[in-house]
>>> print(open('model33.txt').read())   # compact mmCIF, C-alpha atoms
# COMPACT_ATOMS: atom_id res chain seq x y z
CA MET A 1000 -24.94 19.33 -56.37
CA TYR A 1001 -25.86 17.02 -59.24
CA VAL A 1002 -29.41 17.84 -60.35
CA ILE A 1003 -31.40 16.16 -63.11
CA ILE A 1004 -34.47 17.89 -64.50
CA ALA A 1005 -37.01 16.07 -66.68
CA GLY A 1006 -38.98 18.37 -68.95
CA CYS A 1007 -37.48 21.46 -70.57
CA GLY A 1008 -40.65 23.54 -70.66
CA ALA A 1009 -41.23 26.93 -69.03
CA VAL A 1010 -40.46 25.69 -65.51
CA GLY A 1011 -37.81 23.11 -66.39
CA SER A 1012 -35.74 25.41 -68.58
CA GLN A 1013 -35.77 28.35 -66.17
CA LEU A 1014 -34.98 26.08 -63.28
CA ALA A 1015 -32.07 24.61 -65.25
CA ASN A 1016 -30.76 28.07 -66.16
CA THR A 1017 -30.97 29.27 -62.55
CA LEU A 1018 -29.40 26.18 -61.01
CA ALA A 1019 -26.60 26.10 -63.61
CA LYS A 1020 -25.71 29.70 -62.75
CA ALA A 1021 -25.54 28.71 -59.10
CA MET A 1022 -22.73 26.34 -60.14
CA HIS A 1023 -24.69 23.13 -59.81
CA ASN A 1024 -24.17 20.21 -62.14
CA ILE A 1025 -27.28 20.08 -64.33
CA VAL A 1026 -28.71 17.54 -66.76
CA VAL A 1027 -31.95 18.31 -68.58
CA ILE A 1028 -34.00 15.52 -70.19
CA ASP A 1029 -36.64 16.18 -72.85
CA GLU A 1030 -38.29 14.22 -75.65
CA ASP A 1031 -38.25 17.24 -77.95
CA ASN A 1032 -34.81 18.48 -78.99
CA LYS A 1033 -36.32 21.87 -79.86
CA SER A 1034 -37.27 22.53 -76.27
CA PHE A 1035 -33.57 22.80 -75.37
CA GLU A 1036 -33.56 26.11 -77.27
CA GLN A 1037 -35.15 27.64 -74.17
CA LEU A 1038 -31.88 27.13 -72.31
CA GLU A 1039 -29.63 30.19 -72.19
CA PRO A 1040 -26.71 30.34 -74.66
CA GLY A 1041 -24.27 30.13 -71.75
CA PHE A 1042 -25.95 27.09 -70.22
CA ASN A 1043 -23.13 24.82 -69.11
CA GLY A 1044 -25.14 21.73 -68.19
CA ARG A 1045 -25.84 18.64 -70.26
CA THR A 1046 -28.93 17.79 -72.28
CA VAL A 1047 -30.28 14.29 -72.84
CA HIS A 1048 -32.80 13.62 -75.57
CA GLY A 1049 -35.38 10.95 -74.72
CA ASN A 1050 -38.44 9.86 -72.80
CA THR A 1051 -37.88 10.28 -69.10
CA ILE A 1052 -39.87 7.17 -68.10
CA ASP A 1053 -37.37 5.07 -70.06
CA VAL A 1054 -34.84 3.51 -67.64
CA ASP A 1055 -32.12 3.68 -70.28
CA VAL A 1056 -32.67 7.40 -70.74
CA GLN A 1057 -32.38 7.86 -66.98
CA LYS A 1058 -29.23 5.75 -67.07
CA LYS A 1059 -27.82 7.96 -69.83
CA ALA A 1060 -28.41 10.96 -67.58
CA ALA A 1061 -26.44 9.11 -64.85
CA MET A 1062 -29.46 9.09 -62.53
CA ALA A 1063 -27.68 6.92 -59.97
CA LYS A 1064 -25.25 9.77 -59.30
CA ALA A 1065 -27.93 12.44 -58.92
CA ASP A 1066 -28.52 14.19 -55.60
CA VAL A 1067 -31.82 15.62 -56.79
CA PHE A 1068 -34.28 14.64 -59.51
CA ILE A 1069 -37.06 17.01 -60.55
CA ALA A 1070 -39.82 15.83 -62.92
CA VAL A 1071 -41.66 18.76 -64.49
CA THR A 1072 -42.83 17.49 -67.88
CA GLN A 1073 -46.33 18.36 -69.13
CA ASN A 1074 -47.53 14.86 -68.29
CA ASP A 1075 -48.43 14.28 -64.63
CA ASN A 1076 -48.38 10.50 -64.79
CA ALA A 1077 -45.04 10.50 -66.59
CA ASN A 1078 -43.69 12.74 -63.82
CA LEU A 1079 -44.97 10.34 -61.17
CA MET A 1080 -43.58 7.29 -62.95
CA ALA A 1081 -40.19 8.88 -63.70
CA ALA A 1082 -39.98 9.95 -60.05
CA GLN A 1083 -40.63 6.40 -58.85
CA ILE A 1084 -37.98 5.00 -61.18
CA ALA A 1085 -35.47 7.57 -59.90
CA LYS A 1086 -36.33 6.76 -56.30
CA LYS A 1087 -36.74 2.99 -56.40
CA ILE A 1088 -34.33 1.90 -59.11
CA PHE A 1089 -31.64 4.58 -58.94
CA SER A 1090 -32.02 5.43 -55.22
CA VAL A 1091 -31.95 9.20 -55.68
CA GLU A 1092 -32.06 10.95 -52.30
CA LEU A 1093 -34.41 13.82 -53.12
CA VAL A 1094 -37.09 13.36 -55.77
CA ILE A 1095 -39.59 16.05 -56.70
CA ALA A 1096 -42.48 15.70 -59.17
CA ARG A 1097 -45.05 18.14 -60.45
CA ALA A 1098 -48.55 16.70 -60.48
CA SER A 1099 -52.10 17.34 -59.40
CA GLY A 1100 -54.96 15.43 -57.89
CA GLU A 1101 -55.65 13.30 -54.88
CA HIS A 1102 -53.82 10.32 -56.31
CA ALA A 1103 -50.55 12.25 -56.50
CA GLN A 1104 -50.75 12.89 -52.77
CA LEU A 1105 -51.15 9.20 -52.17
CA ILE A 1106 -48.17 8.26 -54.35
CA SER A 1107 -46.12 10.96 -52.67
CA ALA A 1108 -46.76 9.52 -49.22
CA ARG A 1109 -46.20 5.93 -50.31
CA HIS A 1110 -43.03 6.41 -52.33
CA ASP A 1111 -41.21 9.21 -50.51
CA ILE A 1112 -41.55 11.69 -53.37
CA GLU A 1113 -42.06 15.42 -52.89
CA ILE A 1114 -44.96 16.65 -54.98
CA ILE A 1115 -45.42 20.18 -56.30
CA PHE A 1116 -49.11 20.90 -56.79
CA PRO A 1117 -49.27 23.94 -59.09
CA VAL A 1118 -53.04 24.26 -58.84
CA THR A 1119 -53.04 24.17 -55.04
CA LEU A 1120 -50.13 26.61 -54.87
CA GLN A 1121 -51.86 29.10 -57.15
CA ILE A 1122 -55.10 28.90 -55.21
CA GLN A 1123 -53.22 29.37 -51.94
CA LYS A 1124 -51.47 32.44 -53.32
CA ILE A 1125 -54.71 33.92 -54.64
CA MET A 1126 -56.43 33.30 -51.33
CA GLU A 1127 -53.56 35.06 -49.54
CA VAL A 1128 -53.85 38.07 -51.83
CA ILE A 1129 -57.61 38.22 -51.43
CA ALA A 1130 -57.39 37.94 -47.67
CA MET B 253 -67.83 -11.87 -63.37
CA ARG B 254 -67.64 -8.12 -62.95
CA ILE B 255 -64.62 -6.70 -64.79
CA THR B 256 -63.45 -3.13 -65.23
CA VAL B 257 -61.24 -2.25 -68.19
CA ILE B 258 -59.26 1.00 -68.41
CA GLY B 259 -58.32 2.12 -71.92
CA GLY B 260 -60.50 1.75 -75.01
CA GLY B 261 -57.79 1.55 -77.66
CA LYS B 262 -57.38 -1.42 -79.96
CA VAL B 263 -56.47 -3.82 -77.13
CA GLY B 264 -59.16 -2.49 -74.80
CA TYR B 265 -61.85 -2.58 -77.49
CA TYR B 266 -61.28 -6.22 -78.44
CA LEU B 267 -60.80 -7.21 -74.83
CA VAL B 268 -64.18 -5.71 -73.89
CA LYS B 269 -65.77 -7.39 -76.89
CA THR B 270 -64.32 -10.78 -75.96
CA LEU B 271 -65.27 -10.43 -72.29
CA LEU B 272 -68.85 -9.54 -73.27
CA ASP B 273 -69.00 -12.62 -75.49
CA HIS B 274 -67.99 -14.65 -72.45
CA LYS B 275 -70.94 -13.12 -70.56
CA HIS B 276 -68.91 -11.01 -68.17
CA LYS B 277 -70.26 -7.78 -66.79
CA VAL B 278 -67.88 -5.17 -68.16
CA THR B 279 -67.36 -1.48 -67.45
CA LEU B 280 -64.92 0.47 -69.59
CA ILE B 281 -63.13 3.68 -68.65
CA GLU B 282 -61.99 5.73 -71.67
CA LYS B 283 -60.49 9.21 -71.69
CA ASP B 284 -61.44 10.33 -75.20
CA PRO B 285 -65.16 11.28 -75.29
CA ASP B 286 -65.65 10.42 -79.00
CA ARG B 287 -64.01 7.05 -78.62
CA ALA B 288 -66.02 6.37 -75.46
CA GLN B 289 -69.29 7.20 -77.24
CA LYS B 290 -68.39 5.07 -80.24
CA ILE B 291 -67.57 1.97 -78.14
CA SER B 292 -70.65 2.48 -75.99
CA ASP B 293 -72.89 2.65 -79.09
CA GLU B 294 -71.20 -0.24 -80.82
CA LEU B 295 -70.87 -2.74 -77.98
CA GLY B 296 -73.66 -1.57 -75.71
CA VAL B 297 -71.27 -1.58 -72.78
CA LEU B 298 -71.23 0.90 -69.91
CA VAL B 299 -68.45 3.38 -70.69
CA ILE B 300 -67.29 5.95 -68.16
CA LYS B 301 -65.68 8.95 -69.81
CA GLY B 302 -62.66 9.91 -67.78
CA ASP B 303 -59.06 9.46 -66.74
CA GLY B 304 -58.45 5.98 -65.32
CA SER B 305 -55.73 7.25 -63.00
CA ASP B 306 -58.15 9.71 -61.43
CA LEU B 307 -59.69 8.54 -58.17
CA ASN B 308 -63.09 10.10 -58.87
CA THR B 309 -63.36 8.38 -62.24
CA LEU B 310 -62.60 5.04 -60.61
CA LYS B 311 -65.26 5.69 -57.98
CA GLU B 312 -67.76 6.64 -60.65
CA ALA B 313 -67.04 3.37 -62.44
CA GLU B 314 -67.66 1.53 -59.15
CA VAL B 315 -64.35 -0.22 -59.54
CA ASP B 316 -64.60 -1.39 -55.92
CA LEU B 317 -67.26 -3.87 -57.05
CA ALA B 318 -65.05 -5.40 -59.75
CA LYS B 319 -63.45 -8.81 -59.36
CA VAL B 320 -60.82 -7.97 -61.95
CA LEU B 321 -59.32 -4.69 -63.14
CA VAL B 322 -57.45 -4.69 -66.44
CA VAL B 323 -55.45 -1.59 -67.37
CA VAL B 324 -54.59 -1.50 -71.06
CA THR B 325 -54.02 2.06 -72.24
CA GLY B 326 -51.26 2.69 -74.77
CA LYS B 327 -49.21 4.65 -72.25
CA ASP B 328 -47.17 2.87 -69.62
CA GLU B 329 -47.12 5.86 -67.27
CA ASP B 330 -50.94 5.96 -67.27
CA ASN B 331 -51.15 2.21 -66.71
CA LEU B 332 -48.72 2.34 -63.78
CA ILE B 333 -50.45 5.21 -61.98
CA ALA B 334 -53.95 3.79 -62.61
CA VAL B 335 -52.92 0.47 -61.07
CA GLN B 336 -51.29 2.15 -58.09
CA VAL B 337 -54.28 4.39 -57.43
CA ALA B 338 -56.74 1.50 -57.78
CA SER B 339 -54.82 -0.92 -55.60
CA GLU B 340 -54.27 1.67 -52.86
CA ASN B 341 -57.90 2.74 -52.67
CA PHE B 342 -59.92 -0.37 -53.39
CA SER B 343 -59.53 -4.02 -52.59
CA ILE B 344 -59.85 -5.51 -56.07
CA PRO B 345 -58.97 -9.23 -56.03
CA ARG B 346 -57.01 -9.15 -59.28
CA ILE B 347 -55.35 -6.29 -61.13
CA ILE B 348 -53.61 -6.80 -64.47
CA ALA B 349 -51.49 -4.14 -66.17
CA ARG B 350 -50.47 -3.95 -69.81
CA VAL B 351 -46.88 -3.00 -70.51
CA ASN B 352 -46.34 -1.38 -73.90
CA ASN B 353 -42.56 -1.06 -73.86
CA PRO B 354 -41.14 -4.51 -72.98
CA LYS B 355 -38.39 -2.75 -71.03
CA ASN B 356 -41.02 -1.56 -68.58
CA GLU B 357 -41.99 -5.11 -67.59
CA ASP B 358 -39.05 -5.19 -65.23
CA VAL B 359 -39.63 -1.59 -64.16
CA PHE B 360 -43.26 -2.36 -63.25
CA HIS B 361 -42.19 -5.37 -61.20
CA ARG B 362 -39.60 -3.31 -59.37
CA LEU B 363 -42.20 -0.66 -58.65
CA GLY B 364 -44.42 -3.29 -57.07
CA ILE B 365 -46.80 -4.19 -59.93
CA GLU B 366 -46.87 -7.96 -60.01
CA THR B 367 -49.16 -9.01 -62.84
CA THR B 368 -48.19 -7.51 -66.17
CA VAL B 369 -48.95 -8.47 -69.75
CA SER B 370 -46.60 -7.37 -72.50
CA SER B 371 -47.86 -8.23 -75.97
CA THR B 372 -44.65 -7.08 -77.61
CA GLY B 373 -42.57 -9.09 -75.18
CA THR B 374 -44.76 -12.17 -75.55
CA ILE B 375 -44.59 -12.12 -79.35
CA ALA B 376 -40.83 -11.59 -79.25
CA ARG B 377 -40.42 -14.58 -76.93
CA LEU B 378 -42.62 -16.75 -79.16
CA ILE B 379 -40.56 -15.87 -82.21
CA GLU B 380 -37.35 -16.52 -80.32
CA LYS B 381 -38.67 -19.88 -79.19
CA GLU B 382 -39.49 -20.88 -82.76
CA ALA B 383 -36.14 -19.70 -84.04
CA VAL B 384 -33.87 -21.74 -81.79
CA THR B 385 -32.11 -24.81 -83.15
CA ASP B 386 -33.50 -28.36 -83.31
CA GLU B 387 -31.16 -29.64 -80.63
CA ILE B 388 -32.92 -27.63 -77.95
CA LYS B 389 -36.70 -27.73 -77.79
CA THR B 390 -38.91 -25.76 -75.45
CA LEU B 391 -41.51 -28.13 -74.06
CA LEU B 392 -43.34 -25.81 -71.70
CA THR B 393 -43.09 -22.28 -70.38
CA PHE B 394 -44.22 -20.90 -67.03
CA GLU B 395 -44.60 -17.48 -65.55
CA ARG B 396 -45.43 -16.01 -68.95
CA GLY B 397 -42.29 -17.36 -70.51
CA SER B 398 -39.69 -16.47 -67.91
CA MET B 399 -39.20 -20.11 -66.92
CA THR B 400 -39.06 -23.05 -69.32
CA ILE B 401 -38.76 -26.83 -69.51
CA VAL B 402 -36.43 -27.72 -72.35
CA GLU B 403 -35.31 -30.88 -74.07
CA VAL B 404 -31.70 -31.00 -75.21
CA LEU B 405 -30.36 -33.66 -77.52
CA ILE B 406 -26.82 -34.74 -76.60
CA ARG B 407 -24.67 -35.34 -79.69
CA ALA B 408 -21.42 -37.22 -80.08
CA ASP B 409 -19.36 -34.02 -80.30
CA SER B 410 -20.76 -32.59 -77.07
CA HIS B 411 -18.33 -32.00 -74.21
CA VAL B 412 -20.64 -33.73 -71.76
CA VAL B 413 -20.71 -37.13 -73.52
CA ASN B 414 -19.40 -39.90 -71.24
CA LYS B 415 -19.27 -37.51 -68.30
CA SER B 416 -21.25 -37.99 -65.12
CA VAL B 417 -23.83 -35.48 -63.94
CA MET B 418 -21.56 -34.71 -60.99
CA GLN B 419 -18.69 -33.84 -63.33
CA ILE B 420 -20.72 -31.35 -65.32
CA SER B 421 -22.76 -29.91 -62.46
CA SER B 422 -20.28 -27.13 -61.68
CA LYS B 423 -20.50 -25.92 -65.29
CA LEU B 424 -24.29 -25.70 -65.31
CA PRO B 425 -25.82 -22.25 -64.90
CA GLN B 426 -27.60 -21.36 -61.69
CA ASN B 427 -31.38 -21.77 -61.48
CA CYS B 428 -31.33 -24.81 -63.68
CA VAL B 429 -32.17 -28.42 -62.81
CA LEU B 430 -31.68 -31.59 -64.84
CA VAL B 431 -34.93 -33.51 -64.46
CA THR B 432 -34.81 -36.56 -66.67
CA VAL B 433 -32.64 -38.37 -69.20
CA LEU B 434 -34.49 -40.13 -72.03
CA ARG B 435 -32.41 -42.96 -73.48
CA GLU B 436 -33.91 -45.35 -76.02
CA HIS B 437 -37.43 -45.31 -74.54
CA GLN B 438 -35.96 -45.55 -71.07
CA VAL B 439 -36.61 -42.84 -68.51
CA ILE B 440 -33.69 -42.23 -66.17
CA PHE B 441 -33.88 -39.89 -63.21
CA PRO B 442 -30.36 -38.54 -63.13
CA ARG B 443 -28.19 -38.78 -60.04
CA GLY B 444 -24.66 -37.61 -59.52
CA ASP B 445 -23.21 -40.82 -60.93
CA THR B 446 -25.46 -40.98 -64.03
CA VAL B 447 -23.21 -40.87 -67.13
CA LEU B 448 -24.54 -39.05 -70.21
CA HIS B 449 -24.44 -40.84 -73.57
CA ASN B 450 -24.46 -39.78 -77.18
CA GLY B 451 -28.12 -39.60 -78.29
CA ASP B 452 -29.55 -38.95 -74.81
CA ALA B 453 -32.35 -36.45 -74.59
CA LEU B 454 -32.00 -34.35 -71.45
CA ILE B 455 -35.01 -32.64 -69.92
CA ALA B 456 -34.18 -29.63 -67.80
CA VAL B 457 -36.00 -26.81 -66.02
CA THR B 458 -34.35 -23.45 -66.46
CA THR B 459 -35.03 -19.74 -66.35
CA LEU B 460 -35.22 -18.20 -69.80
CA ASP B 461 -32.13 -16.10 -69.08
CA ASN B 462 -30.11 -19.25 -68.51
CA GLN B 463 -31.39 -21.21 -71.48
CA GLU B 464 -28.53 -20.08 -73.68
CA ALA B 465 -25.89 -20.81 -71.05
CA LEU B 466 -27.35 -24.30 -70.58
CA GLU B 467 -27.30 -24.81 -74.31
CA THR B 468 -23.60 -23.87 -74.43
CA VAL B 469 -22.70 -26.32 -71.67
CA LEU B 470 -24.64 -29.27 -73.05
CA MET B 471 -24.06 -28.77 -76.74
CA GLY B 472 -20.69 -27.03 -76.90
>>> encode(input="model33.txt", output="structure tokens")
Amino acid sequence: MYVIIAGCGAVGSQLANTLAKAMHNIVVIDEDNKSFEQLEPGFNGRTVHGNTIDVDVQKKAAMAKADVFIAVTQNDNANLMAAQIAKKIFSVELVIARASGEHAQLISARHDIEIIFPVTLQIQKIMEVIA
Amino acid sequence: MRITVIGGGKVGYYLVKTLLDHKHKVTLIEKDPDRAQKISDELGVLVIKGDGSDLNTLKEAEVDLAKVLVVVTGKDEDNLIAVQVASENFSIPRIIARVNNPKNEDVFHRLGIETTVSSTGTIARLIEKEAVTDEIKTLLTFERGSMTIVEVLIRADSHVVNKSVMQISSKLPQNCVLVTVLREHQVIFPRGDTVLHNGDALIAVTTLDNQEALETVLMG
């Protein structure tokens, strides 16, 4: 599978490392070249330096060929915008974005984007443990 | 008129100031608390401290009462999401979004945002317009510069001299119409059999993308 990940932070880098080991084709996009240091030495995917809401950066990552796009940068709105570009302009089948808030839900429903709500997930988990 | 502005940066600040001068009722939404306080003190305008893409902030600013919403933060991702959230939740008659990176003008349109303002793009187009040669003059632009009416002077060495409109029509770019030929104070509405002369001024409507192609056909 061809997977593009935007944001090489804690989640993005570990996700990239794990998926690369599972023999998927991985591209990681980040604005900060230094963040790529979090990738394992044996990481066999590709890195693209740039802002993920820039169509040309997505083009450079060959977004049109991607099966999955995952936006997990620190910026919720950038995740939501990058996800919409991937979906609408590059017609990526499965698009996932990390975000929070009511408005993310709305955009998810309207634009066929899967949203990961970290806050909601954590609360759910805590409630499960408490119960 | 009641107008809500999101983003109190340089553009937002002067926009609010200008709108107040024109006696509009303005509410500003600004994320940075210090900046919000400063603008509120300075302009005496109602400033809501908060994130313009957050639904609760928009409700607090009573954006549903606004006739116009203008989103002018310095970040395109924030502008896009704010517009989408506002247009989905409220029926605001007019929403205008600022595009910082000119590249995103097209992206915004493709993501369903119709009315955008790109200061960088507008300035670039103005400069381009001033820089083109004397033989082609832009008389008027529409749709914020994407469509233009141009005047082209036909010179003796042009390929189209002594050719009829019909003969050159296949070479003309798409989305371009010859409107009028000006010949020695005479106005001619061109038909297929109208022959172009040296010294004619041709008025044409064209999209900006095709202006160069039109120039090549008529002046080459």
>>> closest_residue(input="model33.txt", among="A:Met1000, A:Val1094, A:Ala1060, A:Leu1105", to="Asp306 (chain B)", atoms="all atoms listed in the file")
A:Leu1105
>>> interface_residues(input="model33.txt", of="chain A", to="chain B", cutoff="8 Å", atoms="only C-alpha atoms", output="PyMOL selection string")
chain A and resi 1052-1054+1076-1077+1079-1080+1083-1084+1087-1088+1100-1102+1105-1106
>>> residues_around(input="model33.txt", residues="Ala1009 (chain A)", least_positions_apart="6", cutoff="12 Å", atoms="only C-alpha atoms", output="list of chain:residue names")
A:Ala1015, A:Asn1016, A:Ser1034, A:Phe1035, A:Glu1036, A:Gln1037, A:Leu1038, A:Val1071, A:Thr1072, A:Gln1073
>>> atom_distance(input="model33.txt", atom1="CA of Val447 (chain B)", atom2="CA of Asp461 (chain B)")
26.4 Å
>>> residues_near_point(input="model33.txt", point="(-40.3, -20.1, -67.0)", cutoff="10 Å", atoms="all atoms listed in the file", output="list in words")
Leu392, Thr393, Phe394, Glu395, Arg396, Gly397, Ser398, Met399, Thr400, Ile401, Val457, Thr458, Thr459, Leu460 and Asp461 of chain B
>>> closest_residue(input="model33.txt", among="A:Arg1109, A:Ile1003, A:Asn1078, A:Arg1097", to="Ala1063 (chain A)", atoms="only C-alpha atoms")
A:Ile1003
>>> closest_residue(input="model33.txt", among="A:Asn1074, A:Leu1120, A:Gln1013, A:Phe1042", to="Glu1030 (chain A)", atoms="only C-alpha atoms")
A:Asn1074
>>> residues_near_point(input="model33.txt", point="(-36.0, 8.0, -54.2)", cutoff="10 Å", atoms="all atoms listed in the file", output="PDB file with C-alpha atoms, keeping the file's coordinate frame")
ATOM      1  CA  ASP A1066     -28.520  14.190 -55.600  1.00  0.00           C
ATOM      2  CA  VAL A1067     -31.820  15.620 -56.790  1.00  0.00           C
ATOM      3  CA  PHE A1068     -34.280  14.640 -59.510  1.00  0.00           C
ATOM      4  CA  ALA A1082     -39.980   9.950 -60.050  1.00  0.00           C
ATOM      5  CA  GLN A1083     -40.630   6.400 -58.850  1.00  0.00           C
ATOM      6  CA  ILE A1084     -37.980   5.000 -61.180  1.00  0.00           C
ATOM      7  CA  ALA A1085     -35.470   7.570 -59.900  1.00  0.00           C
ATOM      8  CA  LYS A1086     -36.330   6.760 -56.300  1.00  0.00           C
ATOM      9  CA  LYS A1087     -36.740   2.990 -56.400  1.00  0.00           C
ATOM     10  CA  ILE A1088     -34.330   1.900 -59.110  1.00  0.00           C
ATOM     11  CA  PHE A1089     -31.640   4.580 -58.940  1.00  0.00           C
ATOM     12  CA  SER A1090     -32.020   5.430 -55.220  1.00  0.00           C
ATOM     13  CA  VAL A1091     -31.950   9.200 -55.680  1.00  0.00           C
ATOM     14  CA  GLU A1092     -32.060  10.950 -52.300  1.00  0.00           C
ATOM     15  CA  LEU A1093     -34.410  13.820 -53.120  1.00  0.00           C
ATOM     16  CA  VAL A1094     -37.090  13.360 -55.770  1.00  0.00           C
ATOM     17  CA  ILE A1095     -39.590  16.050 -56.700  1.00  0.00           C
ATOM     18  CA  HIS A1110     -43.030   6.410 -52.330  1.00  0.00           C
ATOM     19  CA  ASP A1111     -41.210   9.210 -50.510  1.00  0.00           C
ATOM     20  CA  ILE A1112     -41.550  11.690 -53.370  1.00  0.00           C
ATOM     21  CA  GLU A1113     -42.060  15.420 -52.890  1.00  0.00           C
TER      22      GLU A1113
END
>>> atom_distance(input="model33.txt", atom1="CA of Val257 (chain B)", atom2="CA of Lys269 (chain B)")
11.1 Å
>>> atom_distance(input="model33.txt", atom1="CA of Glu403 (chain B)", atom2="CA of Ala376 (chain B)")
20.7 Å
>>> residues_around(input="model33.txt", residues="Lys262 (chain B)", least_positions_apart="6", cutoff="10 Å", atoms="all atoms listed in the file", output="VMD selection string")
chain B and resid 324 to 326
>>> axis_aligned_box(input="model33.txt", around="region 1002-1014 of chain A", padding_each_side="5 Å", output="lines of an AutoDock Vina configuration file")
center_x = -35.3
center_y = 22.2
center_z = -65.5
size_x = 21.8
size_y = 22.3
size_z = 20.3
>>> residues_around(input="model33.txt", residues="region 463-468 of chain B", least_positions_apart="6", cutoff="9 Å", atoms="all atoms listed in the file", output="list of chain:residue names")
B:Glu387, B:Ile388, B:Thr400, B:Val402, B:Val404, B:Lys423, B:Leu424, B:Pro425, B:Cys428
>>> write_last_selection(input="model33.txt", atoms="C-alpha atoms", output="PDB file, keeping the file's coordinate frame")
ATOM      1  CA  GLU B 387     -31.160 -29.640 -80.630  1.00  0.00           C
ATOM      2  CA  ILE B 388     -32.920 -27.630 -77.950  1.00  0.00           C
ATOM      3  CA  THR B 400     -39.060 -23.050 -69.320  1.00  0.00           C
ATOM      4  CA  VAL B 402     -36.430 -27.720 -72.350  1.00  0.00           C
ATOM      5  CA  VAL B 404     -31.700 -31.000 -75.210  1.00  0.00           C
ATOM      6  CA  LYS B 423     -20.500 -25.920 -65.290  1.00  0.00           C
ATOM      7  CA  LEU B 424     -24.290 -25.700 -65.310  1.00  0.00           C
ATOM      8  CA  PRO B 425     -25.820 -22.250 -64.900  1.00  0.00           C
ATOM      9  CA  CYS B 428     -31.330 -24.810 -63.680  1.00  0.00           C
TER      10      CYS B 428
END
>>> residues_around(input="model33.txt", residues="Ala288 (chain B)", least_positions_apart="3", cutoff="10 Å", atoms="only C-alpha atoms", output="PyMOL selection string")
chain B and resi 259-261+280-285+291-294+297-302
>>> closest_residue(input="model33.txt", among="B:Leu267, B:Gln438, B:Val320, B:Gly304", to="Arg254 (chain B)", atoms="all atoms listed in the file")
B:Val320
